[in-house]
$ cat query.txt   # compact mmCIF, C-alpha atoms
# COMPACT_ATOMS: atom_id res chain seq x y z
CA ARG A 1 51.03 109.94 -88.52
CA PHE A 2 51.34 110.47 -84.77
CA SER A 3 48.41 112.81 -84.40
CA GLY A 4 45.85 110.04 -84.01
CA ILE A 5 43.88 111.34 -86.94
CA ASP A 6 42.76 108.75 -89.47
CA TYR A 7 43.72 109.85 -92.95
CA GLU A 8 44.50 108.89 -96.51
CA ILE A 9 46.11 110.94 -99.27
CA ILE A 10 44.71 110.91 -102.78
CA ILE A 11 47.07 112.23 -105.41
CA ILE A 12 45.72 113.27 -108.78
CA ASP A 13 48.25 114.00 -111.43
CA ASP A 14 47.44 114.81 -115.03
CA GLY A 15 50.77 113.78 -116.44
CA SER A 16 52.90 116.57 -115.02
CA PRO A 17 56.22 116.72 -116.86
CA ASP A 18 58.24 117.24 -113.69
CA GLY A 19 58.41 113.68 -112.33
CA THR A 20 55.52 114.03 -109.89
CA GLN A 21 54.21 110.55 -110.56
CA GLU A 22 57.55 108.86 -109.92
CA VAL A 23 57.85 110.58 -106.55
CA ALA A 24 54.28 109.67 -105.69
CA GLN A 25 54.92 106.04 -106.54
CA GLN A 26 57.91 106.01 -104.23
CA LEU A 27 55.79 107.48 -101.43
CA GLU A 28 53.24 104.79 -102.06
CA LYS A 29 55.92 102.14 -101.55
CA ILE A 30 57.07 103.75 -98.31
CA TYR A 31 53.72 104.43 -96.67
CA GLY A 32 51.56 101.78 -98.22
CA SER A 33 48.79 102.04 -100.74
CA ASP A 34 46.12 102.24 -98.06
CA LYS A 35 47.53 105.60 -97.01
CA ILE A 36 48.70 106.96 -100.37
CA LEU A 37 46.33 106.55 -103.27
CA LEU A 38 47.81 107.53 -106.58
CA ARG A 39 45.08 108.08 -109.14
CA PRO A 40 46.64 109.61 -112.25
CA ARG A 41 44.82 110.76 -115.33
CA ALA A 42 45.90 110.55 -118.93
CA LYS A 43 45.92 114.23 -119.69
CA LYS A 44 45.31 117.66 -118.21
CA LEU A 45 41.62 117.78 -117.50
CA GLY A 46 41.08 120.66 -115.11
CA LEU A 47 40.57 121.19 -111.42
CA GLY A 48 36.82 120.61 -111.13
CA THR A 49 36.96 117.18 -112.71
CA ALA A 50 40.00 116.37 -110.56
CA TYR A 51 37.84 116.97 -107.48
CA ILE A 52 35.14 114.67 -108.81
CA HIS A 53 37.67 112.05 -109.84
CA GLY A 54 39.36 112.11 -106.44
CA MET A 55 36.13 111.95 -104.48
CA LYS A 56 35.26 108.62 -106.03
CA TYR A 57 38.14 107.06 -104.08
CA ALA A 58 37.74 108.97 -100.84
CA THR A 59 36.56 106.84 -97.95
CA GLY A 60 36.67 109.39 -95.13
CA ASN A 61 34.12 111.82 -93.73
CA PHE A 62 36.04 114.96 -94.56
CA ILE A 63 38.10 116.02 -97.54
CA VAL A 64 40.93 118.55 -97.51
CA ILE A 65 41.65 120.02 -100.90
CA MET A 66 45.03 121.58 -101.42
CA ASP A 67 47.79 122.27 -103.89
CA ALA A 68 50.48 119.61 -103.87
CA ASP A 69 53.45 121.86 -104.56
CA LEU A 70 53.72 123.07 -100.96
CA SER A 71 52.17 126.43 -101.84
CA HIS A 72 49.72 125.08 -99.30
CA HIS A 73 51.61 123.79 -96.27
CA PRO A 74 50.23 120.69 -94.55
CA LYS A 75 51.02 122.20 -91.15
CA PHE A 76 47.69 124.02 -91.40
CA ILE A 77 45.66 120.83 -91.67
CA PRO A 78 45.42 120.28 -87.88
CA GLU A 79 44.22 123.90 -87.66
CA PHE A 80 41.48 123.15 -90.16
CA ILE A 81 40.43 120.07 -88.21
CA ARG A 82 40.43 121.96 -84.92
CA LYS A 83 38.32 124.75 -86.42
CA GLN A 84 35.85 122.32 -87.90
CA LYS A 85 35.33 120.63 -84.55
CA GLU A 86 35.03 124.01 -82.82
CA GLY A 87 31.98 125.10 -84.79
CA ASN A 88 30.91 121.87 -86.48
CA PHE A 89 31.42 123.66 -89.77
CA ASP A 90 30.53 122.13 -93.11
CA ILE A 91 33.44 123.90 -94.75
CA VAL A 92 36.62 125.40 -93.35
CA SER A 93 38.23 127.85 -95.73
CA GLY A 94 41.88 128.85 -95.58
CA THR A 95 42.05 132.61 -95.84
CA ARG A 96 45.01 134.74 -96.89
CA TYR A 97 43.25 137.98 -96.02
CA LYS A 98 42.48 137.69 -92.31
CA GLY A 99 44.42 137.19 -89.10
CA ASN A 100 48.00 136.24 -89.85
CA GLY A 101 47.05 134.83 -93.19
CA GLY A 102 49.08 136.07 -96.12
CA VAL A 103 51.17 135.30 -99.14
CA TYR A 104 54.87 134.84 -99.65
CA GLY A 105 56.57 135.65 -102.91
CA TRP A 106 54.19 138.17 -104.45
CA ASP A 107 55.28 141.59 -105.60
CA LEU A 108 53.32 144.74 -104.77
CA LYS A 109 51.42 144.74 -108.05
CA ARG A 110 50.18 141.19 -107.57
CA LYS A 111 49.13 141.94 -103.99
CA LEU A 112 47.28 145.06 -105.14
CA ILE A 113 45.36 143.15 -107.79
CA SER A 114 44.53 140.45 -105.26
CA ARG A 115 43.24 142.90 -102.65
CA GLY A 116 41.39 144.94 -105.25
CA ALA A 117 39.67 141.90 -106.73
CA ASN A 118 38.74 140.65 -103.25
CA PHE A 119 37.29 144.06 -102.34
CA LEU A 120 35.16 144.08 -105.47
CA THR A 121 34.00 140.55 -104.70
CA GLN A 122 33.07 141.49 -101.13
CA VAL A 123 31.06 144.52 -102.28
CA LEU A 124 29.19 142.68 -105.01
CA LEU A 125 28.64 139.28 -103.44
CA ARG A 126 28.79 139.95 -99.65
CA PRO A 127 29.80 136.31 -99.30
CA GLY A 128 30.45 136.08 -95.56
CA ALA A 129 33.93 134.69 -96.19
CA SER A 130 37.08 136.76 -96.51
CA ASP A 131 38.91 134.71 -99.16
CA LEU A 132 36.83 133.40 -102.05
CA THR A 133 39.52 132.49 -104.54
CA GLY A 134 41.65 130.39 -102.23
CA SER A 135 41.74 126.65 -102.83
CA PHE A 136 43.00 125.31 -99.49
CA ARG A 137 39.84 124.07 -97.82
CA LEU A 138 38.31 121.34 -95.71
CA TYR A 139 34.91 120.02 -96.76
CA ARG A 140 32.51 117.56 -95.24
CA LYS A 141 32.38 114.85 -97.88
CA GLU A 142 28.63 115.07 -98.54
CA VAL A 143 28.89 118.85 -98.78
CA LEU A 144 31.64 118.66 -101.40
CA GLN A 145 29.63 116.16 -103.39
CA LYS A 146 26.55 118.37 -103.28
CA LEU A 147 28.54 121.43 -104.34
CA MET A 148 30.21 119.65 -107.22
CA GLU A 149 26.79 118.88 -108.66
CA LYS A 150 25.81 122.54 -108.55
CA CYS A 151 28.92 124.42 -109.61
CA VAL A 152 29.49 125.19 -113.24
CA SER A 153 32.36 127.65 -113.51
CA LYS A 154 36.09 127.15 -114.02
CA GLY A 155 39.31 128.48 -112.57
CA TYR A 156 39.23 131.18 -109.86
CA VAL A 157 35.51 131.61 -110.32
CA PHE A 158 34.96 127.92 -109.55
CA GLN A 159 36.46 128.41 -106.07
CA MET A 160 34.28 131.48 -105.57
CA GLU A 161 31.18 129.68 -106.75
CA MET A 162 31.75 126.85 -104.26
CA ILE A 163 31.54 129.23 -101.31
CA VAL A 164 28.65 131.22 -102.71
CA ARG A 165 26.59 128.11 -103.44
CA ALA A 166 27.49 126.68 -100.04
CA ARG A 167 26.03 129.75 -98.36
CA GLN A 168 22.95 129.53 -100.55
CA LEU A 169 22.40 125.94 -99.47
CA GLY A 170 22.74 126.90 -95.83
CA PHE A 171 26.11 125.28 -95.18
CA THR A 172 28.32 126.83 -92.51
CA VAL A 173 31.77 128.15 -93.35
CA GLY A 174 34.57 128.65 -90.84
CA GLU A 175 37.91 130.31 -91.57
CA VAL A 176 41.53 129.64 -90.71
CA PRO A 177 44.36 132.04 -91.65
CA ILE A 178 46.89 130.38 -93.91
CA SER A 179 50.02 131.41 -95.77
CA PHE A 180 50.22 130.81 -99.46
CA VAL A 181 53.76 130.36 -100.74
CA ASP A 182 54.02 131.12 -104.41
CA ARG A 183 56.34 128.87 -106.36
CA VAL A 184 59.95 129.86 -106.06
CA TYR A 185 60.97 128.47 -109.42
CA GLY A 186 59.46 129.68 -112.62
CA GLU A 187 57.00 132.42 -113.39
CA SER A 188 53.49 132.39 -112.04
CA LYS A 189 51.96 135.34 -113.81
CA LEU A 190 48.55 136.88 -113.57
CA GLY A 191 47.82 137.92 -117.14
CA GLY A 192 45.20 140.20 -118.64
CA ASN A 193 43.24 137.16 -119.81
CA GLU A 194 42.84 135.83 -116.29
CA ILE A 195 41.72 139.22 -115.01
CA VAL A 196 39.09 139.47 -117.73
CA SER A 197 37.76 135.99 -117.13
CA PHE A 198 37.72 136.66 -113.38
CA LEU A 199 35.61 139.80 -113.92
CA LYS A 200 33.28 137.95 -116.28
CA GLY A 201 32.89 135.17 -113.74
CA LEU A 202 32.30 137.62 -110.88
CA LEU A 203 29.60 139.44 -112.83
CA THR A 204 27.99 136.12 -113.75
CA LEU A 205 27.86 135.10 -110.09
CA PHE A 206 26.53 138.56 -109.23
CA ALA A 207 23.71 138.21 -111.72
CA THR A 208 22.82 134.58 -111.10
CA THR A 209 23.15 133.95 -107.36
CA MET B 1 16.64 136.96 -105.25
CA THR B 2 20.00 137.37 -106.92
CA LYS B 3 22.57 139.90 -105.73
CA LEU B 4 21.87 141.89 -108.87
CA GLY B 5 18.18 141.80 -107.99
CA GLN B 6 18.91 143.10 -104.50
CA TRP B 7 21.00 145.94 -105.88
CA LEU B 8 18.34 146.94 -108.41
CA CYS B 9 15.64 146.91 -105.73
CA GLY B 10 17.77 148.97 -103.38
CA LEU B 11 18.66 151.48 -106.08
CA ALA B 12 15.03 151.71 -107.21
CA LEU B 13 13.92 152.39 -103.63
CA LEU B 14 16.52 155.05 -102.96
CA GLY B 15 16.13 156.49 -106.45
CA SER B 16 12.40 156.93 -106.20
CA ALA B 17 12.66 158.44 -102.71
CA TRP B 18 15.24 160.90 -104.00
CA ALA B 19 13.22 161.73 -107.13
CA ALA B 20 10.02 162.22 -105.15
CA LEU B 21 11.69 164.75 -102.90
CA ALA B 22 14.00 166.46 -105.36
CA LEU B 23 11.67 166.73 -108.35
CA ALA B 24 8.45 167.41 -106.47
CA PRO B 25 6.00 169.97 -107.85
CA PRO B 26 6.15 173.47 -106.25
CA GLY B 27 3.29 172.83 -103.85
CA LEU B 28 4.89 169.79 -102.16
CA GLN B 29 8.55 170.82 -102.16
CA PRO B 30 10.58 170.31 -98.99
CA PRO B 31 12.31 173.39 -97.47
CA ALA B 32 15.10 175.03 -99.51
CA PRO B 33 18.16 173.88 -97.49
CA LEU B 34 17.03 170.26 -97.75
CA ARG B 35 16.52 170.57 -101.49
CA GLN B 36 19.93 172.13 -101.96
CA ALA B 37 21.59 169.20 -100.27
CA LEU B 38 19.38 166.62 -101.94
CA LEU B 39 20.13 167.35 -105.58
CA PRO B 40 23.86 166.57 -105.57
CA LEU B 41 23.45 163.73 -103.06
CA PRO B 42 23.80 160.80 -105.54
CA VAL B 43 27.04 162.16 -106.98
CA TYR B 44 28.32 162.93 -103.51
CA LEU B 45 27.60 159.38 -102.33
CA LEU B 46 29.35 157.96 -105.38
CA VAL B 47 32.46 160.00 -104.71
CA ALA B 48 32.36 159.10 -101.03
CA PHE B 49 32.16 155.42 -101.93
CA GLY B 50 35.07 155.85 -104.33
CA CYS B 51 37.20 157.36 -101.58
CA TYR B 52 36.19 154.63 -99.15
CA SER B 53 37.16 151.97 -101.70
CA LEU B 54 40.58 153.48 -102.32
CA ALA B 55 41.25 153.88 -98.62
CA THR B 56 40.14 150.33 -97.81
CA VAL B 57 42.10 148.65 -100.58
CA GLY B 58 45.12 150.80 -99.71
CA TYR B 59 44.93 149.86 -96.05
CA ARG B 60 44.48 146.16 -96.85
CA LEU B 61 47.41 146.27 -99.26
CA ALA B 62 49.62 147.87 -96.63
CA THR B 63 48.70 145.28 -94.02
CA PHE B 64 48.85 142.29 -96.37
CA HIS B 65 51.26 139.85 -94.72

$ encode --input "query.txt" --output "structure tokens"
Amino acid sequence: RFSGIDYEIIIIDDGSPDGTQEVAQQLEKIYGSDKILLRPRAKKLGLGTAYIHGMKYATGNFIVIMDADLSHHPKFIPEFIRKQKEGNFDIVSGTRYKGNGGVYGWDLKRKLISRGANFLTQVLLRPGASDLTGSFRLYRKEVLQKLMEKCVSKGYVFQMEMIVRARQLGFTVGEVPISFVDRVYGESKLGGNEIVSFLKGLLTLFATT
Amino acid sequence: MTKLGQWLCGLALLGSAWAALALAPPGLQPPAPLRQALLPLPVYLLVAFGCYSLATVGYRLATFH
């Protein structure tokens, strides 16, 4: 509010059972509906379509995509903006793997899988970005629109595909170390299914880009 | 060219260079010490890469904030 940066917040909720919408409505009352735009959807429709849905209402020049459960802390947003100005980047990607980036709340096994998967991704795709599966990023609006047209995958692979396609199209990517805080309540497991679909997606990107 | 394409090209290049030298007919063979080192080279490189991978992932895991 006091930073002098012009902003609006678009909240997309697919009917979360935890009272998210009620809280968002209260925020809207406090800050005004020009600053907080609540755009709910009837049912759980997936992350990619949420991006597209949200972009329809975005009026700014840049879009920051982030998780709303504070696993991504807003304190990094000024860092993203600063970095973007520094190099006039088309995308600024929050990375957990460089600088003082990291994660909080993961056990050793989860960290090992994460580092192992990232290593494999770096070897196969040589993407020029240290964190491909992160979803805390700043995009120039036109760049995000262009990428949404081109990307076809889902889940982790969708985030990877965004960066890979961006590089293909000649967009520039800057990086900012961020901390990811895994949810304190409830289990956030990485099951065998997700690992398999990650590998399938990685190999698909390897063979098609 | 896709990443897969790049890998296949690279492997084809290295593979044919290796085959040309290692499987050459008696008249064109390179000197004996070179040949001795050449034959196991692919396996050696694979093992070396495996060790590098383990070391790198291990290091990154240890320094993961």

$ closest_atom_pairs --input "query.txt" --of "chain A" --to "chain B" --cutoff "10 Å" --atoms "all atoms listed in the file" --output "JSON lines"
{"residue": "A:Arg96", "atom": "CA", "partner": "B:His65", "partner_atom": "CA", "distance": 8.4}
{"residue": "A:Tyr97", "atom": "CA", "partner": "B:Phe64", "partner_atom": "CA", "distance": 7.1}
{"residue": "A:Lys98", "atom": "CA", "partner": "B:Phe64", "partner_atom": "CA", "distance": 8.8}
{"residue": "A:Gly99", "atom": "CA", "partner": "B:His65", "partner_atom": "CA", "distance": 9.2}
{"residue": "A:Asn100", "atom": "CA", "partner": "B:His65", "partner_atom": "CA", "distance": 6.9}
{"residue": "A:Gly101", "atom": "CA", "partner": "B:His65", "partner_atom": "CA", "distance": 6.7}
{"residue": "A:Gly102", "atom": "CA", "partner": "B:His65", "partner_atom": "CA", "distance": 4.6}
{"residue": "A:Val103", "atom": "CA", "partner": "B:His65", "partner_atom": "CA", "distance": 6.3}
{"residue": "A:Tyr104", "atom": "CA", "partner": "B:His65", "partner_atom": "CA", "distance": 7.9}
{"residue": "A:Leu108", "atom": "CA", "partner": "B:Leu61", "partner_atom": "CA", "distance": 8.2}
{"residue": "A:Lys109", "atom": "CA", "partner": "B:Leu61", "partner_atom": "CA", "distance": 9.8}
{"residue": "A:Lys111", "atom": "CA", "partner": "B:Leu61", "partner_atom": "CA", "distance": 6.6}
{"residue": "A:Leu112", "atom": "CA", "partner": "B:Leu61", "partner_atom": "CA", "distance": 6.0}
{"residue": "A:Ile113", "atom": "CA", "partner": "B:Leu61", "partner_atom": "CA", "distance": 9.3}
{"residue": "A:Ser114", "atom": "CA", "partner": "B:Leu61", "partner_atom": "CA", "distance": 8.8}
{"residue": "A:Arg115", "atom": "CA", "partner": "B:Val57", "partner_atom": "CA", "distance": 6.2}
{"residue": "A:Gly116", "atom": "CA", "partner": "B:Val57", "partner_atom": "CA", "distance": 6.0}
{"residue": "A:Ala117", "atom": "CA", "partner": "B:Val57", "partner_atom": "CA", "distance": 9.4}
{"residue": "A:Asn118", "atom": "CA", "partner": "B:Val57", "partner_atom": "CA", "distance": 9.1}
{"residue": "A:Phe119", "atom": "CA", "partner": "B:Val57", "partner_atom": "CA", "distance": 6.9}
{"residue": "A:Leu120", "atom": "CA", "partner": "B:Ser53", "partner_atom": "CA", "distance": 9.0}
{"residue": "A:Val123", "atom": "CA", "partner": "B:Ser53", "partner_atom": "CA", "distance": 9.6}
{"residue": "A:Leu124", "atom": "CA", "partner": "B:Lys3", "partner_atom": "CA", "distance": 7.2}
{"residue": "A:Leu125", "atom": "CA", "partner": "B:Lys3", "partner_atom": "CA", "distance": 6.5}
{"residue": "A:Arg126", "atom": "CA", "partner": "B:Lys3", "partner_atom": "CA", "distance": 8.7}
{"residue": "A:Ser179", "atom": "CA", "partner": "B:His65", "partner_atom": "CA", "distance": 8.6}
{"residue": "A:Leu203", "atom": "CA", "partner": "B:Leu4", "partner_atom": "CA", "distance": 9.0}
{"residue": "A:Thr204", "atom": "CA", "partner": "B:Leu4", "partner_atom": "CA", "distance": 9.7}
{"residue": "A:Leu205", "atom": "CA", "partner": "B:Lys3", "partner_atom": "CA", "distance": 8.4}
{"residue": "A:Phe206", "atom": "CA", "partner": "B:Lys3", "partner_atom": "CA", "distance": 5.5}
{"residue": "A:Ala207", "atom": "CA", "partner": "B:Leu4", "partner_atom": "CA", "distance": 5.0}
{"residue": "A:Thr208", "atom": "CA", "partner": "B:Thr2", "partner_atom": "CA", "distance": 5.8}
{"residue": "A:Thr209", "atom": "CA", "partner": "B:Thr2", "partner_atom": "CA", "distance": 4.7}

$ closest_residue --input "query.txt" --among "A:Gly201, A:Asn88, A:Gly19, A:Tyr7" --to "Ser153 of chain A" --atoms "all atoms listed in the file"
A:Gly201

$ closest_residue --input "query.txt" --among "A:Ala166, A:Leu190, A:Met66, A:Leu138" --to "Asp107 of chain A" --atoms "all atoms listed in the file"
A:Leu190

$ axis_aligned_box --input "query.txt" --around "segment 10-22 of chain B" --padding-each-side "3 Å" --output "lines of an AutoDock Vina configuration file"
center_x = 14.3
center_y = 157.7
center_z = -105.0
size_x = 14.6
size_y = 23.5
size_z = 10.5

$ residues_near_point --input "query.txt" --point "(41.7, 124.8, -85.2)" --cutoff "12 Å" --atoms "only C-alpha atoms" --output "MDAnalysis selection string"
chainID A and resid 75:89 92:94 138 174:178

$ atom_distance --input "query.txt" --atom1 "atom CA of Pro42 of chain B" --atom2 "atom CA of Ala55 of chain B"
20.0 Å

$ atom_distance --input "query.txt" --atom1 "atom CA of Val181 of chain A" --atom2 "atom CA of His72 of chain A"
6.8 Å

$ atom_distance --input "query.txt" --atom1 "atom CA of Leu45 of chain B" --atom2 "atom CA of Leu23 of chain B"
18.5 Å

$ closest_residue --input "query.txt" --among "B:Pro31, B:Leu46, B:Leu38, B:Cys51" --to "Ala17 of chain B" --atoms "only C-alpha atoms"
B:Leu38

$ decode --input "query.txt" --residues "segment 197-208 of chain A" --atoms "all heavy atoms" --output "PDB file, in the first residue's frame"
ATOM      1  N   SER A 197       3.981 -39.193 -13.148  1.00  0.00           N
ATOM      2  CA  SER A 197       3.496 -38.226 -14.140  1.00  0.00           C
ATOM      3  C   SER A 197       4.518 -37.121 -14.367  1.00  0.00           C
ATOM      4  O   SER A 197       4.611 -36.571 -15.462  1.00  0.00           O
ATOM      5  CB  SER A 197       2.135 -37.655 -13.730  1.00  0.00           C
ATOM      6  OG  SER A 197       2.255 -36.882 -12.576  1.00  0.00           O
ATOM      7  N   PHE A 198       5.325 -36.805 -13.339  1.00  0.00           N
ATOM      8  CA  PHE A 198       6.409 -35.839 -13.543  1.00  0.00           C
ATOM      9  C   PHE A 198       7.411 -36.373 -14.566  1.00  0.00           C
ATOM     10  O   PHE A 198       7.809 -35.652 -15.488  1.00  0.00           O
ATOM     11  CB  PHE A 198       7.120 -35.549 -12.218  1.00  0.00           C
ATOM     12  CG  PHE A 198       8.421 -34.820 -12.375  1.00  0.00           C
ATOM     13  CD1 PHE A 198       8.431 -33.451 -12.553  1.00  0.00           C
ATOM     14  CD2 PHE A 198       9.630 -35.503 -12.380  1.00  0.00           C
ATOM     15  CE1 PHE A 198       9.638 -32.768 -12.718  1.00  0.00           C
ATOM     16  CE2 PHE A 198      10.829 -34.838 -12.548  1.00  0.00           C
ATOM     17  CZ  PHE A 198      10.829 -33.469 -12.722  1.00  0.00           C
ATOM     18  N   LEU A 199       7.805 -37.657 -14.390  1.00  0.00           N
ATOM     19  CA  LEU A 199       8.790 -38.243 -15.315  1.00  0.00           C
ATOM     20  C   LEU A 199       8.239 -38.288 -16.734  1.00  0.00           C
ATOM     21  O   LEU A 199       8.930 -37.979 -17.697  1.00  0.00           O
ATOM     22  CB  LEU A 199       9.184 -39.639 -14.844  1.00  0.00           C
ATOM     23  CG  LEU A 199      10.068 -39.679 -13.603  1.00  0.00           C
ATOM     24  CD1 LEU A 199      10.275 -41.116 -13.129  1.00  0.00           C
ATOM     25  CD2 LEU A 199      11.422 -39.039 -13.877  1.00  0.00           C
ATOM     26  N   LYS A 200       6.957 -38.664 -16.840  1.00  0.00           N
ATOM     27  CA  LYS A 200       6.347 -38.722 -18.175  1.00  0.00           C
ATOM     28  C   LYS A 200       6.366 -37.333 -18.818  1.00  0.00           C
ATOM     29  O   LYS A 200       6.724 -37.167 -19.976  1.00  0.00           O
ATOM     30  CB  LYS A 200       4.890 -39.212 -18.086  1.00  0.00           C
ATOM     31  CG  LYS A 200       4.796 -40.693 -17.844  1.00  0.00           C
ATOM     32  CD  LYS A 200       3.557 -41.425 -18.339  1.00  0.00           C
ATOM     33  CE  LYS A 200       2.224 -40.809 -18.123  1.00  0.00           C
ATOM     34  NZ  LYS A 200       1.236 -41.798 -17.639  1.00  0.00           N
ATOM     35  N   GLY A 201       5.993 -36.329 -18.000  1.00  0.00           N
ATOM     36  CA  GLY A 201       5.980 -34.966 -18.517  1.00  0.00           C
ATOM     37  C   GLY A 201       7.370 -34.497 -18.908  1.00  0.00           C
ATOM     38  O   GLY A 201       7.554 -33.859 -19.951  1.00  0.00           O
ATOM     39  N   LEU A 202       8.366 -34.813 -18.081  1.00  0.00           N
ATOM     40  CA  LEU A 202       9.743 -34.414 -18.371  1.00  0.00           C
ATOM     41  C   LEU A 202      10.214 -35.018 -19.687  1.00  0.00           C
ATOM     42  O   LEU A 202      10.794 -34.336 -20.536  1.00  0.00           O
ATOM     43  CB  LEU A 202      10.661 -34.861 -17.225  1.00  0.00           C
ATOM     44  CG  LEU A 202      12.152 -34.593 -17.382  1.00  0.00           C
ATOM     45  CD1 LEU A 202      12.412 -33.109 -17.548  1.00  0.00           C
ATOM     46  CD2 LEU A 202      12.920 -35.122 -16.180  1.00  0.00           C
ATOM     47  N   LEU A 203       9.940 -36.321 -19.867  1.00  0.00           N
ATOM     48  CA  LEU A 203      10.356 -36.982 -21.098  1.00  0.00           C
ATOM     49  C   LEU A 203       9.617 -36.401 -22.308  1.00  0.00           C
ATOM     50  O   LEU A 203      10.196 -36.264 -23.389  1.00  0.00           O
ATOM     51  CB  LEU A 203      10.128 -38.495 -21.004  1.00  0.00           C
ATOM     52  CG  LEU A 203      11.090 -39.204 -20.049  1.00  0.00           C
ATOM     53  CD1 LEU A 203      10.750 -40.680 -19.920  1.00  0.00           C
ATOM     54  CD2 LEU A 203      12.533 -39.048 -20.531  1.00  0.00           C
ATOM     55  N   THR A 204       8.350 -36.054 -22.109  1.00  0.00           N
ATOM     56  CA  THR A 204       7.602 -35.439 -23.214  1.00  0.00           C
ATOM     57  C   THR A 204       8.243 -34.114 -23.611  1.00  0.00           C
ATOM     58  O   THR A 204       8.441 -33.846 -24.793  1.00  0.00           O
ATOM     59  CB  THR A 204       6.133 -35.201 -22.808  1.00  0.00           C
ATOM     60  OG1 THR A 204       5.580 -36.415 -22.343  1.00  0.00           O
ATOM     61  CG2 THR A 204       5.328 -34.678 -23.981  1.00  0.00           C
ATOM     62  N   LEU A 205       8.566 -33.285 -22.607  1.00  0.00           N
ATOM     63  CA  LEU A 205       9.219 -32.009 -22.921  1.00  0.00           C
ATOM     64  C   LEU A 205      10.568 -32.244 -23.581  1.00  0.00           C
ATOM     65  O   LEU A 205      10.948 -31.549 -24.520  1.00  0.00           O
ATOM     66  CB  LEU A 205       9.415 -31.183 -21.636  1.00  0.00           C
ATOM     67  CG  LEU A 205       8.195 -30.466 -21.089  1.00  0.00           C
ATOM     68  CD1 LEU A 205       8.550 -29.738 -19.808  1.00  0.00           C
ATOM     69  CD2 LEU A 205       7.635 -29.496 -22.104  1.00  0.00           C
ATOM     70  N   PHE A 206      11.283 -33.254 -23.110  1.00  0.00           N
ATOM     71  CA  PHE A 206      12.593 -33.600 -23.676  1.00  0.00           C
ATOM     72  C   PHE A 206      12.471 -33.947 -25.159  1.00  0.00           C
ATOM     73  O   PHE A 206      13.297 -33.550 -25.978  1.00  0.00           O
ATOM     74  CB  PHE A 206      13.176 -34.783 -22.897  1.00  0.00           C
ATOM     75  CG  PHE A 206      14.504 -35.265 -23.393  1.00  0.00           C
ATOM     76  CD1 PHE A 206      15.618 -34.447 -23.365  1.00  0.00           C
ATOM     77  CD2 PHE A 206      14.646 -36.551 -23.900  1.00  0.00           C
ATOM     78  CE1 PHE A 206      16.842 -34.899 -23.821  1.00  0.00           C
ATOM     79  CE2 PHE A 206      15.871 -37.015 -24.354  1.00  0.00           C
ATOM     80  CZ  PHE A 206      16.971 -36.186 -24.318  1.00  0.00           C
ATOM     81  N   ALA A 207      11.405 -34.668 -25.489  1.00  0.00           N
ATOM     82  CA  ALA A 207      11.263 -35.146 -26.857  1.00  0.00           C
ATOM     83  C   ALA A 207      10.584 -34.153 -27.785  1.00  0.00           C
ATOM     84  O   ALA A 207      10.658 -34.292 -29.009  1.00  0.00           O
ATOM     85  CB  ALA A 207      10.476 -36.460 -26.854  1.00  0.00           C
ATOM     86  N   THR A 208       9.909 -33.137 -27.214  1.00  0.00           N
ATOM     87  CA  THR A 208       9.133 -32.258 -28.079  1.00  0.00           C
ATOM     88  C   THR A 208       9.601 -30.811 -28.083  1.00  0.00           C
ATOM     89  O   THR A 208       9.054 -29.989 -28.803  1.00  0.00           O
ATOM     90  CB  THR A 208       7.640 -32.259 -27.681  1.00  0.00           C
ATOM     91  OG1 THR A 208       7.539 -31.838 -26.323  1.00  0.00           O
ATOM     92  CG2 THR A 208       7.031 -33.620 -27.850  1.00  0.00           C
TER      93      THR A 208
END
